[in-house]
Amino acid sequence: MFSFLKKHIDGAIYLLIGPFTIMYLFPNFFIDLGFKLHIINFTSTFSHWLGIVFMNLGALLAVVCTIIMYNTKKASPSPFSKPLRVVNIGPFKYVRHPMVWSINFVLLGQILVYGSPLLIVWFLIWLRFAHLYIERYEEPYLISVFGQDYVEYSKQTARWLPKFKK
């Protein structure tokens with residue numbers, strides 16, 4: 001019972017520190033900074049609605065990935081939970097890190113909704129950070145946990161851009 005509770009508390013803490021900071025605190029900081037610096041935003045009704053579509057797509061992708069991880073009982077979106085097996089179904093069949101894609105979609109949506117050039121700067125910073133984190137920490141960790149299974153999964157599944165089979 002205690003480990004179940006601890007796991008969920010750790011997950012909630014991660015949600016507040018990780019995705020909340022990336023998709024809410026930093027973007028709001030950059031939007032506010034752009035406003036204070038009188039930087040002109042680019043936006044239109046079309047980009048606004050397209051941005052909302054992107055943000056919802058990102059949210060949907062995150063929910064689907066989370067459901068797959070919990071239902072297969074192989075992994076958790078929280079980095080505090082040790083994964084049990086490689087997840088290779090659903091979006092994980094096409095890219096190794098679809099949860100990062102969900103964040104990318106939300107951030108792209110914010111760029112389109114708010115039209116802030118500084119959000120583009122934040123998005124580029126985020127892309128670099130995500131790449132470094134995945135390459136230098138997460139994937140070596142997953143190889144240490146899963147060994148050859150993850151190496152084979154890596155050979156078959158792209159890290160970022162999906163390879164659709166004909």
# chains A, B, ... in the order shown; residues from 1 in each chain; ligands from 1
>>> select_by_dssp(residues="chain A", states="helix (DSSP H, G or I)", output="PyMOL selection string")
chain A and resi 2-17+19-36+45-72+90-93+98-114+117-146+148-156
>>> residues_around(residues="Gly34 in chain A", least_positions_apart="6", cutoff="12 Å", atoms="only C-alpha atoms", output="number ranges by chain")
A: 27-28, 40-42, 114-122
>>> closest_residue(among="A:Glu138, A:Ile89, A:Trp126, A:Ile39", to="Thr21 in chain A", atoms="only C-alpha atoms")
A:Trp126
>>> residues_around(residues="range 95-101 of chain A", least_positions_apart="3", cutoff="6 Å", atoms="only C-alpha atoms", output="PyMOL selection string")
chain A and resi 62+92+104+157-160+162
>>> closest_residue(among="A:Gln148, A:Asn71, A:Gln156, A:Gln110", to="Tyr24 in chain A", atoms="only C-alpha atoms")
A:Gln110
>>> closest_residue(among="A:Ile52, A:His38, A:Ser44, A:Ser154", to="Pro140 in chain A", atoms="only C-alpha atoms")
A:Ser154
>>> atom_distance(atom1="CA of Arg85 in chain A", atom2="CA of Phe146 in chain A")
7.0 Å
>>> atom_distance(atom1="CA of Gly109 in chain A", atom2="CA of Asn56 in chain A")
8.4 Å
>>> residues_around(residues="Met23 in chain A", least_positions_apart="3", cutoff="9 Å", atoms="only C-alpha atoms", output="tab-separated table (two decimals) with C-alpha atoms, in the first residue's frame")
chain	number	residue	atom	x	y	z
A	18	GLY	CA	8.52	18.42	-15.37
A	19	PRO	CA	5.70	18.97	-17.85
A	20	PHE	CA	4.08	21.82	-15.87
A	26	PHE	CA	8.59	28.80	-19.07
A	27	PRO	CA	6.15	29.70	-21.86
A	28	ASN	CA	4.40	32.20	-19.58
A	103	ILE	CA	5.23	18.23	-25.34
A	106	VAL	CA	1.77	21.58	-27.08
A	107	LEU	CA	4.68	24.01	-27.41
A	110	GLN	CA	1.42	27.75	-27.95
>>> atom_distance(atom1="CA of Tyr70 in chain A", atom2="CA of Pro91 in chain A")
14.2 Å
>>> closest_residue(among="A:Leu84, A:Ile22, A:Leu161, A:Leu108", to="Leu57 in chain A", atoms="only C-alpha atoms")
A:Leu108
>>> decode(residues="range 32-44 of chain A", atoms="all heavy atoms", output="CSV table (one decimal), in the first residue's frame")
chain,number,residue,atom,x,y,z
A,32,ASP,N,5.4,36.8,-21.2
A,32,ASP,CA,5.4,38.0,-20.3
A,32,ASP,C,6.7,38.9,-20.7
A,32,ASP,O,6.6,40.1,-20.8
A,32,ASP,CB,5.4,37.7,-18.9
A,32,ASP,CG,5.3,38.9,-18.0
A,32,ASP,OD1,4.4,39.7,-18.2
A,32,ASP,OD2,6.1,39.0,-17.0
A,33,LEU,N,7.8,38.2,-20.9
A,33,LEU,CA,9.0,39.0,-21.2
A,33,LEU,C,8.8,39.7,-22.6
A,33,LEU,O,9.2,40.8,-22.7
A,33,LEU,CB,10.2,38.0,-21.3
A,33,LEU,CG,11.6,38.6,-21.6
A,33,LEU,CD1,12.0,39.7,-20.6
A,33,LEU,CD2,12.6,37.5,-21.8
A,34,GLY,N,8.3,39.0,-23.5
A,34,GLY,CA,8.0,39.6,-24.8
A,34,GLY,C,7.1,40.8,-24.7
A,34,GLY,O,7.3,41.8,-25.4
A,35,PHE,N,6.1,40.7,-23.9
A,35,PHE,CA,5.2,41.8,-23.7
A,35,PHE,C,5.9,43.0,-23.0
A,35,PHE,O,5.8,44.1,-23.5
A,35,PHE,CB,4.0,41.3,-22.8
A,35,PHE,CG,3.0,42.3,-22.6
A,35,PHE,CD1,2.1,42.7,-23.6
A,35,PHE,CD2,2.8,43.0,-21.4
A,35,PHE,CE1,1.1,43.6,-23.4
A,35,PHE,CE2,1.8,43.9,-21.2
A,35,PHE,CZ,0.9,44.2,-22.2
A,36,LYS,N,6.8,42.7,-22.0
A,36,LYS,CA,7.5,43.8,-21.4
A,36,LYS,C,8.5,44.5,-22.3
A,36,LYS,O,8.8,45.6,-22.2
A,36,LYS,CB,8.2,43.3,-20.1
A,36,LYS,CG,7.2,43.0,-19.0
A,36,LYS,CD,7.9,42.4,-17.8
A,36,LYS,CE,6.9,42.1,-16.7
A,36,LYS,NZ,7.5,41.4,-15.6
A,37,LEU,N,9.1,43.7,-23.2
A,37,LEU,CA,10.0,44.2,-24.2
A,37,LEU,C,9.4,44.8,-25.4
A,37,LEU,O,10.1,45.2,-26.4
A,37,LEU,CB,11.0,43.1,-24.6
A,37,LEU,CG,11.9,42.6,-23.5
A,37,LEU,CD1,12.8,41.4,-24.0
A,37,LEU,CD2,12.8,43.7,-22.9
A,38,HIS,N,8.1,44.7,-25.5
A,38,HIS,CA,7.3,45.3,-26.6
A,38,HIS,C,7.6,44.6,-27.9
A,38,HIS,O,7.7,45.2,-29.0
A,38,HIS,CB,7.5,46.8,-26.8
A,38,HIS,CG,7.2,47.5,-25.5
A,38,HIS,ND1,5.9,47.7,-25.0
A,38,HIS,CD2,8.0,48.2,-24.6
A,38,HIS,CE1,5.9,48.4,-23.9
A,38,HIS,NE2,7.1,48.7,-23.6
A,39,ILE,N,7.8,43.3,-27.8
A,39,ILE,CA,8.1,42.5,-29.0
A,39,ILE,C,6.8,42.2,-29.7
A,39,ILE,O,5.8,41.7,-29.0
A,39,ILE,CB,8.9,41.2,-28.7
A,39,ILE,CG1,10.3,41.5,-28.1
A,39,ILE,CG2,9.0,40.3,-29.9
A,39,ILE,CD1,11.0,40.3,-27.6
A,40,ILE,N,6.7,42.4,-31.0
A,40,ILE,CA,5.4,42.2,-31.7
A,40,ILE,C,5.2,40.7,-32.0
A,40,ILE,O,6.1,40.0,-32.4
A,40,ILE,CB,5.5,43.0,-33.1
A,40,ILE,CG1,5.6,44.5,-32.8
A,40,ILE,CG2,4.2,42.7,-33.9
A,40,ILE,CD1,5.9,45.3,-34.0
A,41,ASN,N,4.0,40.3,-31.6
A,41,ASN,CA,3.6,38.9,-31.8
A,41,ASN,C,3.0,38.8,-33.2
A,41,ASN,O,2.4,39.7,-33.7
A,41,ASN,CB,2.6,38.5,-30.8
A,41,ASN,CG,3.2,38.5,-29.4
A,41,ASN,OD1,4.4,38.5,-29.2
A,41,ASN,ND2,2.3,38.4,-28.4
A,42,PHE,N,3.1,37.6,-33.8
A,42,PHE,CA,2.4,37.3,-35.1
A,42,PHE,C,1.3,36.3,-34.7
A,42,PHE,O,1.5,35.3,-34.1
A,42,PHE,CB,3.5,36.7,-36.0
A,42,PHE,CG,4.1,35.4,-35.5
A,42,PHE,CD1,3.5,34.2,-35.8
A,42,PHE,CD2,5.2,35.5,-34.7
A,42,PHE,CE1,4.0,33.0,-35.3
A,42,PHE,CE2,5.7,34.3,-34.2
A,42,PHE,CZ,5.2,33.1,-34.5
A,43,THR,N,0.2,36.6,-35.1
A,43,THR,CA,-1.0,35.7,-34.9
A,43,THR,C,-2.1,36.1,-35.8
A,43,THR,O,-2.2,37.2,-36.3
A,43,THR,CB,-1.4,35.7,-33.4
A,43,THR,OG1,-2.3,34.6,-33.2
A,43,THR,CG2,-2.0,37.0,-33.0
A,44,SER,N,-2.9,35.1,-36.1
A,44,SER,CA,-4.1,35.3,-36.9
A,44,SER,C,-5.2,34.3,-36.3
A,44,SER,O,-4.9,33.5,-35.5
A,44,SER,CB,-3.9,35.0,-38.3
A,44,SER,OG,-3.6,33.6,-38.5
